[in-house]
Protein chains: 2
Amino acid sequence: MAVSPDTIKAWLLDLQDRIVKGLEEVDGKAFLRDEWTRDAKDGGLGGGGISRLVEEGNVIERGGVNFSHVTGASLPPSAAASRPELAGRAWEAMGVSLVIHPRNPYAPTVHMNVRYFVATAEGQEPVWWFGGGMDLTPYYGFEEDAVHFHQTCFDALEPFGADLHERFKKWCDEYFYIKHRKEARGVGGIFFDDFNALPLEQSFAMTKSVGDSFLLAYLPVLNRRKDIAYGERERDFQLYRRGRYVEFNLVLDRGTHFGLQSGGRTEAILMSMPPLVKWRYDWHPEEGTPEARLYTDFLVHRDWLAA
Amino acid sequence: MAVSPDTIKAWLLDLQDRIVKGLEEVDGKAFLRDEWTRDAKDGGLGGGGISRLVEEGNVIERGGVNFSHVTGASLPPSAAASRPELAGRAWEAMGVSLVIHPRNPYAPTVHMNVRYFVATAEGQEPVWWFGGGMDLTPYYGFEEDAVHFHQTCFDALEPFGADLHERFKKWCDEYFYIKHRKEARGVGGIFFDDFNALPLEQSFAMTKSVGDSFLLAYLPVLNRRKDIAYGERERDFQLYRRGRYVEFNLVLDRGTHFGLQSGGRTEAILMSMPPLVKWRYDWHPEEGTPEARLYTDFLVHRDWLAA
């Protein structure tokens, strides 16, 4: 069966639906649906998308699961930095991207993204690749959760190559590193980009496997943590740590920067922002507390599947 | 009288002291003092600074007035983009930078910065310049406040050149523009960089005039607004609008990016972050409300001194 952009798009739309349904079942509150289109003008972006989001849910304080499909007449050199030969080509990008911020401080924030990109030119082979991954950002660490999340990522990739998980796990650790804090954003997961090492059909199958694993990776964790009793101390720590999420996404995340600079839909892109965030000067947890253990035992690069 | 780096440094330290005292008098809570030094290593930054800050004050919810003086053995090409001939030179930068976030939503956030930069090379004339400015970010707009703030900026610059205020006001409007929101960050003020159009002594005098005007520009505004009664609605709007401040500083501000990337002191740089911030999807104020008037009447480029 040949894989066409339509095949990929149909899967992405279905994936968005399934993920939203899975999250709605846990939350009990329906996600909003916002469909948008944008005309291409002056060589800018054209296309559209479907934003699905929930705020003030029963479990999810703020979260979005966005589909977008955008096209451009001429790839800007900045977007083709690693492949300068593609500058000026027509291009097409589609993907699903999500960030979920639960209210309960014991339930981790999660991010997942799968995307397909293709650049075309008259009389030349199209150049395509896939990208994506998922990563988990706890406020209070649980080894069980980190192991389950990483194991699910491992299982998703394993059929497509023995070395993939190790490479994509390391890539994730490197990508989601907050340099100015010298801290990992969370306990990691997997990340890949520019992936076309396998033929189109298998590369797509691998990406599908990652996307289709998201609910398996996250829902058991969310269900285990969403109803744990907490107080002001835990809430306060969560709001403080959410500041790191903001710092990563706004200072360092290439996807966020590319989206905002290329005239993407700001409100959809910034669905990754937490609903409520605190900053506090030079704060450090006391040794021996659960908050300190987050830093020492979880926000470090660890082989979670070694045990 | 010759102006030396020591002269400039002495003024900056005195300015920091005076501003902190002025703010402490209004707030009633003493600012903390954090002195730091950093060894230059591997051609990186050396130097130090004094952070002065307050959190949970009576008037100021979070604010910092930072002095720093850093030196480098070799100016990185990225920092010398507009003057490539300076790459590789030894350099020295010093300045005072402040951001004040009052608790009362009727009291505006303010930012001020003055800085001196010099690049030296054996056997060549040193290349120096000044930069700085101040700008006001209200949550609820008051024409009286905007006019007073701009008038004080005008008065500070007027002795040094008839066209300076108009240029620096426009520069401020352009610099503090949140492109992905198509919104001004606030009501503006003045901004200048790479300034050496006047001889050193006069350029310094102009920069001094700007720094020395800060309390004159801000304290009357703060005093007028700090005790106005407000409720949940105003507080909520303030927290939402503070998100724009975060977006500007983390996505767009060159100073913040340069500081974080060059290994500056993260906690001092991120004193600009508000203490508590909200994000909410695609929110717009109802027409005819004071919140709507902020957008239509204040977050636009206006000639505040025209009336």
# chains A, B, ... in the order shown; residues from 1 in each chain; ligands from 1

call {"tool": "residues_around", "arguments": {"residues": "A:Leu276", "least_positions_apart": "5", "cutoff": "12 Å", "atoms": "only C-alpha atoms", "output": "PyMOL selection string"}}
result
(chain A and resi 55-56+61-62+101-103+235-243+245-246) or (chain B and resi 236+239-240+242-243+274-280)

call {"tool": "write_last_selection", "arguments": {"atoms": "N, CA, C and O atoms", "output": "tab-separated table (two decimals), in the first residue's frame"}}
result
chain	number	residue	atom	x	y	z
A	55	GLU	N	-9.90	23.67	29.38
A	55	GLU	CA	-9.39	24.48	30.49
A	55	GLU	C	-10.31	24.26	31.68
A	55	GLU	O	-11.51	24.12	31.51
A	56	GLU	N	-9.72	24.27	32.87
A	56	GLU	CA	-10.51	24.07	34.09
A	56	GLU	C	-11.32	22.78	34.02
A	56	GLU	O	-12.50	22.76	34.41
A	61	GLU	N	-6.00	20.85	34.09
A	61	GLU	CA	-6.21	22.28	34.35
A	61	GLU	C	-6.16	23.07	33.04
A	61	GLU	O	-6.88	24.05	32.87
A	62	ARG	N	-5.33	22.62	32.13
A	62	ARG	CA	-5.27	23.21	30.79
A	62	ARG	C	-4.55	22.22	29.90
A	62	ARG	O	-3.52	21.66	30.29
A	101	HIS	N	-1.50	19.80	31.00
A	101	HIS	CA	-1.13	20.21	32.35
A	101	HIS	C	-2.24	19.80	33.32
A	101	HIS	O	-3.25	20.49	33.42
A	102	PRO	N	-2.06	18.69	34.04
A	102	PRO	CA	-3.07	18.30	35.03
A	102	PRO	C	-3.05	19.28	36.21
A	102	PRO	O	-2.05	19.96	36.46
A	103	ARG	N	-4.15	19.31	36.95
A	103	ARG	CA	-4.22	20.17	38.13
A	103	ARG	C	-3.44	19.57	39.31
A	103	ARG	O	-2.73	20.27	40.00
A	235	ARG	N	1.01	22.24	45.67
A	235	ARG	CA	0.52	23.12	44.62
A	235	ARG	C	1.53	24.23	44.32
A	235	ARG	O	1.80	24.57	43.18
A	236	ASP	N	2.09	24.77	45.37
A	236	ASP	CA	3.06	25.84	45.22
A	236	ASP	C	4.30	25.36	44.45
A	236	ASP	O	4.80	26.06	43.56
A	237	PHE	N	4.76	24.19	44.77
A	237	PHE	CA	5.93	23.64	44.09
A	237	PHE	C	5.62	23.38	42.61
A	237	PHE	O	6.42	23.67	41.72
A	238	GLN	N	4.42	22.88	42.36
A	238	GLN	CA	4.00	22.66	40.97
A	238	GLN	C	4.02	23.98	40.18
A	238	GLN	O	4.55	24.04	39.06
A	239	LEU	N	3.44	25.03	40.75
A	239	LEU	CA	3.39	26.31	40.03
A	239	LEU	C	4.79	26.85	39.79
A	239	LEU	O	5.07	27.43	38.74
A	240	TYR	N	5.66	26.66	40.78
A	240	TYR	CA	7.05	27.11	40.61
A	240	TYR	C	7.74	26.32	39.50
A	240	TYR	O	8.37	26.89	38.61
A	241	ARG	N	7.60	25.01	39.51
A	241	ARG	CA	8.25	24.19	38.49
A	241	ARG	C	7.66	24.42	37.10
A	241	ARG	O	8.34	24.25	36.09
A	242	ARG	N	6.39	24.78	37.04
A	242	ARG	CA	5.81	25.10	35.74
A	242	ARG	C	6.55	26.26	35.07
A	242	ARG	O	6.56	26.38	33.84
A	243	GLY	N	7.19	27.10	35.88
A	243	GLY	CA	7.99	28.19	35.31
A	243	GLY	C	9.09	27.66	34.41
A	243	GLY	O	9.43	28.24	33.39
A	245	TYR	N	8.91	24.99	32.64
A	245	TYR	CA	8.27	24.58	31.38
A	245	TYR	C	8.13	25.79	30.46
A	245	TYR	O	8.42	25.71	29.26
A	246	VAL	N	7.70	26.90	31.04
A	246	VAL	CA	7.58	28.13	30.26
A	246	VAL	C	8.95	28.55	29.72
A	246	VAL	O	9.10	28.88	28.54
B	236	ASP	N	-7.29	39.09	38.12
B	236	ASP	CA	-7.28	38.08	37.08
B	236	ASP	C	-6.75	38.64	35.75
B	236	ASP	O	-5.94	38.01	35.07
B	239	LEU	N	-2.99	39.14	35.97
B	239	LEU	CA	-2.22	37.89	35.84
B	239	LEU	C	-2.20	37.42	34.39
B	239	LEU	O	-1.19	36.91	33.90
B	240	TYR	N	-3.32	37.59	33.70
B	240	TYR	CA	-3.39	37.22	32.29
B	240	TYR	C	-2.44	38.08	31.45
B	240	TYR	O	-1.66	37.58	30.64
B	242	ARG	N	0.13	39.69	32.44
B	242	ARG	CA	1.53	39.41	32.77
B	242	ARG	C	2.11	38.33	31.86
B	242	ARG	O	3.31	38.27	31.63
B	243	GLY	N	1.25	37.46	31.35
B	243	GLY	CA	1.71	36.45	30.40
B	243	GLY	C	2.36	37.08	29.18
B	243	GLY	O	3.33	36.54	28.64
B	274	PRO	N	7.30	37.88	36.18
B	274	PRO	CA	6.32	38.23	37.21
B	274	PRO	C	6.21	37.09	38.22
B	274	PRO	O	6.54	35.95	37.91
B	275	PRO	N	5.73	37.40	39.44
B	275	PRO	CA	5.64	36.37	40.47
B	275	PRO	C	4.55	35.34	40.20
B	275	PRO	O	4.68	34.19	40.61
B	276	LEU	N	3.48	35.75	39.54
B	276	LEU	CA	2.33	34.87	39.33
B	276	LEU	C	1.70	35.26	37.99
B	276	LEU	O	1.47	36.44	37.73
B	277	VAL	N	1.46	34.25	37.15
B	277	VAL	CA	1.05	34.51	35.77
B	277	VAL	C	0.00	33.51	35.35
B	277	VAL	O	0.05	32.36	35.77
B	278	LYS	N	-0.94	33.96	34.51
B	278	LYS	CA	-1.95	33.05	33.96
B	278	LYS	C	-1.92	33.03	32.44
B	278	LYS	O	-1.67	34.07	31.81
B	279	TRP	N	-2.21	31.87	31.88
B	279	TRP	CA	-2.52	31.80	30.45
B	279	TRP	C	-3.92	31.21	30.28
B	279	TRP	O	-4.32	30.34	31.07
B	280	ARG	N	-4.61	31.69	29.27
B	280	ARG	CA	-5.99	31.28	29.04
B	280	ARG	C	-6.20	31.32	27.53
B	280	ARG	O	-5.70	32.21	26.85

call {"tool": "interface_residues", "arguments": {"of": "chain A", "to": "chain B", "cutoff": "10 Å", "atoms": "only C-alpha atoms", "output": "compact mmCIF listing (two decimals) with all heavy atoms, in the first residue's frame"}}
result
# COMPACT_ATOMS: atom_id res chain seq x y z
N LEU A 53 -9.10 21.59 22.89
CA LEU A 53 -8.51 22.03 24.15
C LEU A 53 -9.51 22.02 25.27
O LEU A 53 -10.72 22.07 25.07
CB LEU A 53 -7.96 23.44 23.98
CG LEU A 53 -9.00 24.44 23.51
CD1 LEU A 53 -9.14 25.55 24.50
CD2 LEU A 53 -8.61 24.94 22.14
N VAL A 54 -8.95 21.95 26.47
CA VAL A 54 -9.79 21.99 27.66
C VAL A 54 -9.10 22.88 28.69
O VAL A 54 -7.87 22.88 28.80
CB VAL A 54 -10.06 20.57 28.22
CG1 VAL A 54 -8.79 19.92 28.73
CG2 VAL A 54 -11.13 20.59 29.30
N GLU A 55 -9.90 23.67 29.38
CA GLU A 55 -9.39 24.48 30.49
C GLU A 55 -10.31 24.26 31.68
O GLU A 55 -11.51 24.12 31.51
CB GLU A 55 -9.33 25.95 30.10
CG GLU A 55 -8.25 26.22 29.06
CD GLU A 55 -8.05 27.69 28.73
OE1 GLU A 55 -9.07 28.39 28.54
OE2 GLU A 55 -6.91 28.13 28.65
N GLU A 56 -9.72 24.27 32.87
CA GLU A 56 -10.51 24.07 34.09
C GLU A 56 -11.32 22.78 34.02
O GLU A 56 -12.50 22.76 34.41
CB GLU A 56 -11.45 25.27 34.32
CG GLU A 56 -10.75 26.60 34.42
CD GLU A 56 -10.10 26.83 35.78
OE1 GLU A 56 -10.54 26.19 36.75
OE2 GLU A 56 -9.14 27.61 35.86
N ARG A 62 -5.33 22.62 32.13
CA ARG A 62 -5.27 23.21 30.79
C ARG A 62 -4.55 22.22 29.90
O ARG A 62 -3.52 21.66 30.29
CB ARG A 62 -4.52 24.54 30.85
CG ARG A 62 -4.29 25.23 29.51
CD ARG A 62 -3.75 26.65 29.76
NE ARG A 62 -2.95 27.17 28.69
CZ ARG A 62 -3.39 27.98 27.69
NH1 ARG A 62 -4.64 28.39 27.69
NH2 ARG A 62 -2.58 28.38 26.75
N GLY A 63 -5.09 22.01 28.72
CA GLY A 63 -4.44 21.08 27.82
C GLY A 63 -4.97 21.24 26.41
O GLY A 63 -6.12 21.63 26.20
N GLY A 64 -4.13 20.96 25.43
CA GLY A 64 -4.54 21.07 24.05
C GLY A 64 -3.97 19.94 23.22
O GLY A 64 -2.86 19.46 23.49
N LYS A 179 19.33 24.66 29.37
CA LYS A 179 20.76 24.99 29.53
C LYS A 179 20.98 26.02 30.64
O LYS A 179 21.89 25.89 31.45
CB LYS A 179 21.31 25.53 28.21
CG LYS A 179 21.37 24.51 27.09
CD LYS A 179 21.96 25.12 25.82
CE LYS A 179 21.68 24.26 24.60
NZ LYS A 179 20.25 24.30 24.15
N HIS A 180 20.16 27.08 30.64
CA HIS A 180 20.42 28.16 31.60
C HIS A 180 20.09 27.74 33.04
O HIS A 180 20.38 28.48 33.98
CB HIS A 180 19.68 29.44 31.21
CG HIS A 180 18.19 29.30 31.16
ND1 HIS A 180 17.50 28.97 30.01
CD2 HIS A 180 17.25 29.44 32.12
CE1 HIS A 180 16.21 28.92 30.27
NE2 HIS A 180 16.02 29.20 31.54
N ARG A 181 19.45 26.58 33.22
CA ARG A 181 19.20 26.03 34.56
C ARG A 181 20.06 24.81 34.85
O ARG A 181 20.05 24.32 35.97
CB ARG A 181 17.72 25.63 34.68
CG ARG A 181 16.72 26.76 34.54
CD ARG A 181 16.77 27.67 35.74
NE ARG A 181 15.66 28.62 35.73
CZ ARG A 181 15.45 29.50 36.71
NH1 ARG A 181 16.26 29.56 37.75
NH2 ARG A 181 14.45 30.34 36.64
N LEU A 239 3.44 25.03 40.75
CA LEU A 239 3.39 26.31 40.03
C LEU A 239 4.79 26.85 39.79
O LEU A 239 5.07 27.43 38.74
CB LEU A 239 2.55 27.34 40.81
CG LEU A 239 1.10 26.97 41.11
CD1 LEU A 239 0.34 28.19 41.62
CD2 LEU A 239 0.40 26.41 39.88
N TYR A 240 5.66 26.66 40.78
CA TYR A 240 7.05 27.11 40.61
C TYR A 240 7.74 26.32 39.50
O TYR A 240 8.37 26.89 38.61
CB TYR A 240 7.80 26.93 41.94
CG TYR A 240 9.27 27.20 41.82
CD1 TYR A 240 9.75 28.51 41.72
CD2 TYR A 240 10.19 26.16 41.76
CE1 TYR A 240 11.10 28.77 41.58
CE2 TYR A 240 11.55 26.40 41.62
CZ TYR A 240 12.00 27.71 41.54
OH TYR A 240 13.34 27.96 41.39
N GLY A 243 7.19 27.10 35.88
CA GLY A 243 7.99 28.19 35.31
C GLY A 243 9.09 27.66 34.41
O GLY A 243 9.43 28.24 33.39
N VAL A 246 7.70 26.90 31.04
CA VAL A 246 7.58 28.13 30.26
C VAL A 246 8.95 28.55 29.72
O VAL A 246 9.10 28.88 28.54
CB VAL A 246 6.99 29.26 31.13
CG1 VAL A 246 7.01 30.59 30.38
CG2 VAL A 246 5.57 28.92 31.57
N GLU A 247 9.94 28.53 30.59
CA GLU A 247 11.28 28.94 30.15
C GLU A 247 11.76 28.07 29.00
O GLU A 247 12.28 28.57 28.00
CB GLU A 247 12.28 28.86 31.32
CG GLU A 247 12.03 29.92 32.39
CD GLU A 247 12.94 29.77 33.60
OE1 GLU A 247 14.04 29.20 33.47
OE2 GLU A 247 12.54 30.21 34.70
N PHE A 248 11.60 26.76 29.13
CA PHE A 248 12.05 25.90 28.03
C PHE A 248 11.32 26.24 26.74
O PHE A 248 11.93 26.47 25.69
CB PHE A 248 11.89 24.40 28.33
CG PHE A 248 12.36 23.59 27.16
CD1 PHE A 248 13.71 23.28 27.04
CD2 PHE A 248 11.50 23.21 26.14
CE1 PHE A 248 14.19 22.60 25.91
CE2 PHE A 248 11.96 22.54 25.01
CZ PHE A 248 13.31 22.23 24.91
N ASN A 249 9.99 26.27 26.81
CA ASN A 249 9.23 26.42 25.57
C ASN A 249 9.44 27.78 24.91
O ASN A 249 9.52 27.88 23.70
CB ASN A 249 7.74 26.20 25.83
CG ASN A 249 7.42 24.72 25.95
OD1 ASN A 249 8.29 23.91 26.24
ND2 ASN A 249 6.16 24.37 25.74
N LEU A 250 9.54 28.84 25.73
CA LEU A 250 9.65 30.17 25.12
C LEU A 250 11.09 30.56 24.79
O LEU A 250 11.33 31.28 23.84
CB LEU A 250 9.01 31.23 26.02
CG LEU A 250 7.50 31.05 26.27
CD1 LEU A 250 6.94 32.27 27.00
CD2 LEU A 250 6.72 30.85 24.97
N VAL A 251 12.05 30.08 25.57
CA VAL A 251 13.45 30.46 25.29
C VAL A 251 14.09 29.49 24.31
O VAL A 251 14.83 29.90 23.42
CB VAL A 251 14.29 30.50 26.59
CG1 VAL A 251 15.76 30.80 26.29
CG2 VAL A 251 13.73 31.54 27.56
N LEU A 252 13.79 28.19 24.44
CA LEU A 252 14.62 27.20 23.76
C LEU A 252 13.93 26.38 22.69
O LEU A 252 14.59 25.87 21.79
CB LEU A 252 15.22 26.24 24.80
CG LEU A 252 16.18 26.89 25.81
CD1 LEU A 252 16.44 25.95 26.97
CD2 LEU A 252 17.50 27.27 25.12
N ASP A 253 12.63 26.19 22.76
CA ASP A 253 11.99 25.24 21.86
C ASP A 253 11.94 25.75 20.41
O ASP A 253 11.32 26.77 20.12
CB ASP A 253 10.58 24.91 22.34
CG ASP A 253 9.95 23.80 21.52
OD1 ASP A 253 10.58 22.73 21.43
OD2 ASP A 253 8.87 24.01 20.96
N THR A 256 8.35 26.05 18.89
CA THR A 256 7.61 27.23 19.33
C THR A 256 8.12 28.47 18.59
O THR A 256 7.34 29.27 18.07
CB THR A 256 7.77 27.43 20.85
OG1 THR A 256 7.28 26.25 21.51
CG2 THR A 256 7.00 28.63 21.34
N HIS A 257 9.43 28.62 18.53
CA HIS A 257 9.99 29.79 17.85
C HIS A 257 9.63 29.81 16.37
O HIS A 257 9.22 30.84 15.83
CB HIS A 257 11.52 29.82 18.01
CG HIS A 257 11.93 30.46 19.30
ND1 HIS A 257 13.04 31.23 19.43
CD2 HIS A 257 11.34 30.45 20.52
CE1 HIS A 257 13.14 31.66 20.67
NE2 HIS A 257 12.13 31.19 21.36
N GLY A 259 7.10 28.38 14.93
CA GLY A 259 5.66 28.64 14.81
C GLY A 259 5.33 30.11 14.98
O GLY A 259 4.62 30.69 14.16
N LEU A 260 5.86 30.73 16.03
CA LEU A 260 5.54 32.13 16.30
C LEU A 260 6.12 33.04 15.23
O LEU A 260 5.49 34.00 14.80
CB LEU A 260 6.05 32.54 17.68
CG LEU A 260 5.39 31.86 18.89
CD1 LEU A 260 6.04 32.32 20.18
CD2 LEU A 260 3.88 32.15 18.92
N GLN A 261 7.34 32.73 14.78
CA GLN A 261 8.00 33.61 13.81
C GLN A 261 7.43 33.47 12.41
O GLN A 261 7.47 34.41 11.63
CB GLN A 261 9.50 33.34 13.79
CG GLN A 261 10.23 33.96 14.99
CD GLN A 261 11.62 33.38 15.17
OE1 GLN A 261 12.14 32.68 14.30
NE2 GLN A 261 12.24 33.68 16.31
N SER A 262 6.92 32.28 12.10
CA SER A 262 6.43 32.07 10.74
C SER A 262 4.96 32.46 10.63
O SER A 262 4.32 32.19 9.62
CB SER A 262 6.61 30.61 10.34
OG SER A 262 5.80 29.78 11.16
N GLY A 263 4.43 33.08 11.66
CA GLY A 263 3.04 33.52 11.58
C GLY A 263 2.05 32.40 11.82
O GLY A 263 0.93 32.44 11.32
N GLY A 264 2.46 31.40 12.60
CA GLY A 264 1.52 30.35 12.99
C GLY A 264 0.43 30.92 13.88
O GLY A 264 0.44 32.11 14.21
N ARG A 265 -0.51 30.07 14.29
CA ARG A 265 -1.62 30.56 15.11
C ARG A 265 -1.18 30.60 16.57
O ARG A 265 -1.06 29.57 17.24
CB ARG A 265 -2.82 29.62 14.92
CG ARG A 265 -4.05 30.12 15.60
CD ARG A 265 -5.29 29.41 15.08
NE ARG A 265 -6.43 29.81 15.87
CZ ARG A 265 -6.85 29.15 16.96
NH1 ARG A 265 -6.25 28.05 17.35
NH2 ARG A 265 -7.89 29.61 17.64
N THR A 266 -0.94 31.82 17.05
CA THR A 266 -0.35 32.02 18.38
C THR A 266 -1.09 31.28 19.48
O THR A 266 -0.47 30.61 20.31
CB THR A 266 -0.29 33.53 18.69
OG1 THR A 266 0.60 34.15 17.75
CG2 THR A 266 0.21 33.80 20.10
N GLU A 267 -2.41 31.38 19.51
CA GLU A 267 -3.16 30.76 20.61
C GLU A 267 -3.04 29.24 20.59
O GLU A 267 -3.09 28.61 21.65
CB GLU A 267 -4.63 31.18 20.56
CG GLU A 267 -4.86 32.63 20.98
CD GLU A 267 -4.63 32.89 22.47
OE1 GLU A 267 -4.51 31.92 23.24
OE2 GLU A 267 -4.54 34.06 22.86
N ALA A 268 -2.90 28.65 19.40
CA ALA A 268 -2.73 27.20 19.33
C ALA A 268 -1.32 26.83 19.79
O ALA A 268 -1.13 25.89 20.57
CB ALA A 268 -2.99 26.70 17.92
N LEU A 270 0.64 28.45 21.78
CA LEU A 270 0.85 28.71 23.20
C LEU A 270 -0.13 27.95 24.10
O LEU A 270 -0.19 28.22 25.31
CB LEU A 270 0.85 30.22 23.47
CG LEU A 270 2.01 30.96 22.79
CD1 LEU A 270 2.01 32.44 23.16
CD2 LEU A 270 3.37 30.35 23.14
N MET A 271 -0.85 26.98 23.54
CA MET A 271 -1.58 26.03 24.37
C MET A 271 -0.60 25.24 25.26
O MET A 271 -1.01 24.60 26.22
CB MET A 271 -2.37 25.04 23.51
CG MET A 271 -3.76 25.48 23.13
SD MET A 271 -4.81 26.01 24.50
CE MET A 271 -4.91 24.47 25.44
N SER A 272 0.68 25.29 24.93
CA SER A 272 1.67 24.60 25.76
C SER A 272 1.93 25.33 27.09
O SER A 272 2.51 24.76 28.00
CB SER A 272 2.99 24.46 25.00
OG SER A 272 3.52 25.74 24.71
N MET A 273 1.50 26.58 27.17
CA MET A 273 1.73 27.34 28.41
C MET A 273 0.83 26.81 29.52
O MET A 273 -0.35 26.55 29.31
CB MET A 273 1.43 28.83 28.20
CG MET A 273 2.36 29.55 27.24
SD MET A 273 4.06 29.63 27.88
CE MET A 273 4.81 28.29 26.96
N PRO A 274 1.38 26.69 30.73
CA PRO A 274 0.55 26.26 31.86
C PRO A 274 -0.47 27.34 32.21
O PRO A 274 -0.26 28.51 31.89
CB PRO A 274 1.57 26.10 32.99
CG PRO A 274 2.93 26.17 32.36
CD PRO A 274 2.77 26.95 31.11
N PRO A 275 -1.57 26.95 32.87
CA PRO A 275 -2.62 27.93 33.19
C PRO A 275 -2.20 28.93 34.27
O PRO A 275 -2.67 30.05 34.27
CB PRO A 275 -3.77 27.06 33.69
CG PRO A 275 -3.13 25.78 34.13
CD PRO A 275 -1.93 25.59 33.26
N LEU A 276 -1.34 28.48 35.19
CA LEU A 276 -0.97 29.33 36.32
C LEU A 276 0.47 28.99 36.68
O LEU A 276 0.81 27.81 36.80
CB LEU A 276 -1.91 29.05 37.51
CG LEU A 276 -1.85 29.99 38.70
CD1 LEU A 276 -2.28 31.40 38.32
CD2 LEU A 276 -2.76 29.47 39.83
N VAL A 277 1.30 30.01 36.83
CA VAL A 277 2.74 29.81 36.97
C VAL A 277 3.30 30.79 37.99
O VAL A 277 2.83 31.92 38.08
CB VAL A 277 3.45 30.08 35.62
CG1 VAL A 277 4.93 29.72 35.72
CG2 VAL A 277 2.80 29.32 34.49
N LYS A 278 4.30 30.35 38.73
CA LYS A 278 4.98 31.24 39.69
C LYS A 278 6.47 31.33 39.39
O LYS A 278 7.08 30.35 38.99
CB LYS A 278 4.85 30.68 41.11
CG LYS A 278 3.56 31.01 41.81
CD LYS A 278 3.63 30.59 43.28
CE LYS A 278 2.30 30.94 43.95
NZ LYS A 278 2.25 30.45 45.34
N TRP A 279 7.02 32.51 39.63
CA TRP A 279 8.49 32.63 39.70
C TRP A 279 8.86 33.17 41.07
O TRP A 279 8.11 33.96 41.67
CB TRP A 279 9.02 33.59 38.62
CG TRP A 279 9.30 32.92 37.32
CD1 TRP A 279 10.45 32.32 36.94
CD2 TRP A 279 8.41 32.80 36.20
NE1 TRP A 279 10.33 31.81 35.66
CE2 TRP A 279 9.09 32.10 35.18
CE3 TRP A 279 7.09 33.21 35.95
CZ2 TRP A 279 8.52 31.80 33.95
CZ3 TRP A 279 6.52 32.92 34.74
CH2 TRP A 279 7.23 32.21 33.75
N ARG A 280 10.01 32.73 41.55
CA ARG A 280 10.45 33.09 42.89
C ARG A 280 11.97 33.14 42.83
O ARG A 280 12.59 32.30 42.18
CB ARG A 280 9.99 32.00 43.86
CG ARG A 280 10.14 32.27 45.32
CD ARG A 280 9.60 31.06 46.10
NE ARG A 280 8.28 30.66 45.58
CZ ARG A 280 7.83 29.41 45.55
NH1 ARG A 280 8.57 28.42 45.99
NH2 ARG A 280 6.64 29.14 45.05
N TYR A 281 12.59 34.08 43.52
CA TYR A 281 14.03 34.29 43.40
C TYR A 281 14.85 33.21 44.08
O TYR A 281 14.70 32.98 45.28
CB TYR A 281 14.39 35.66 43.97
CG TYR A 281 15.87 35.98 43.89
CD1 TYR A 281 16.46 36.30 42.67
CD2 TYR A 281 16.67 35.94 45.01
CE1 TYR A 281 17.80 36.59 42.59
CE2 TYR A 281 18.02 36.24 44.95
CZ TYR A 281 18.58 36.56 43.72
OH TYR A 281 19.92 36.84 43.65
N ASP A 282 15.72 32.59 43.30
CA ASP A 282 16.79 31.74 43.81
C ASP A 282 16.30 30.72 44.85
O ASP A 282 16.92 30.52 45.89
CB ASP A 282 17.86 32.64 44.46
CG ASP A 282 19.25 31.99 44.39
OD1 ASP A 282 19.42 31.06 43.59
OD2 ASP A 282 20.13 32.41 45.15
N TRP A 283 15.20 30.08 44.53
CA TRP A 283 14.61 29.14 45.46
C TRP A 283 15.21 27.75 45.28
O TRP A 283 15.43 27.30 44.16
CB TRP A 283 13.09 29.08 45.24
CG TRP A 283 12.42 28.16 46.21
CD1 TRP A 283 12.04 28.46 47.49
CD2 TRP A 283 12.07 26.78 45.99
NE1 TRP A 283 11.47 27.36 48.08
CE2 TRP A 283 11.48 26.32 47.19
CE3 TRP A 283 12.20 25.92 44.92
CZ2 TRP A 283 11.02 25.01 47.33
CZ3 TRP A 283 11.76 24.61 45.05
CH2 TRP A 283 11.16 24.17 46.25

call {"tool": "select_by_dssp", "arguments": {"residues": "stretch 16-149 of chain A", "states": "strand (DSSP E or B)", "output": "ChimeraX atom specification"}}
result
/A:32-38,46-55,60-72,90-102,109-120,127-137

call {"tool": "residues_around", "arguments": {"residues": "stretch 73-84 of chain A", "least_positions_apart": "6", "cutoff": "12 Å", "atoms": "only C-alpha atoms", "output": "list in words"}}
result
Asp39, Ala40, Lys41, Asp42, Gly43, Gly44, Leu45, Gly46, Gly47, Ala90, Trp91, Glu92, Ala93, Phe117, Val118, Ala119, Thr120, Ala121, Val127, Trp128, Asp193, Asp194, Arg254, Gly255, His257, Phe258, Gly259, Gln261 and Ser262 of chain A

call {"tool": "residues_around", "arguments": {"residues": "A:Tyr175", "least_positions_apart": "6", "cutoff": "10 Å", "atoms": "only C-alpha atoms", "output": "JSON list (two decimals) with C-alpha atoms, in the first residue's frame"}}
result
[["chain", "number", "residue", "atom", "x", "y", "z"],
["A", 169, "LYS", "CA", 15.96, 8.54, 24.20],
["A", 184, "ALA", "CA", 16.50, 18.33, 32.42],
["A", 185, "ARG", "CA", 12.95, 19.48, 31.68],
["A", 188, "GLY", "CA", 12.51, 12.49, 29.18],
["A", 190, "ILE", "CA", 11.90, 9.97, 23.05],
["A", 191, "PHE", "CA", 12.56, 12.59, 20.37],
["A", 192, "PHE", "CA", 13.41, 12.29, 16.70],
["A", 252, "LEU", "CA", 14.62, 27.20, 23.76],
["A", 253, "ASP", "CA", 11.99, 25.24, 21.86],
["A", 254, "ARG", "CA", 12.65, 25.46, 18.13]]

call {"tool": "residues_around", "arguments": {"residues": "B:Gly131", "least_positions_apart": "5", "cutoff": "12 Å", "atoms": "only C-alpha atoms", "output": "PyMOL selection string"}}
result
chain B and resi 93-97+112-118+168+171-172+190-197+203-204+206-208+210-211+255

call {"tool": "select_by_dssp", "arguments": {"residues": "stretch 17-85 of chain B", "states": "alpha helix (DSSP H)", "output": "list in words"}}
result
Asp17, Arg18, Ile19, Val20, Lys21, Gly22, Leu23, Glu24, Glu25, Val26 and Asp27 of chain B
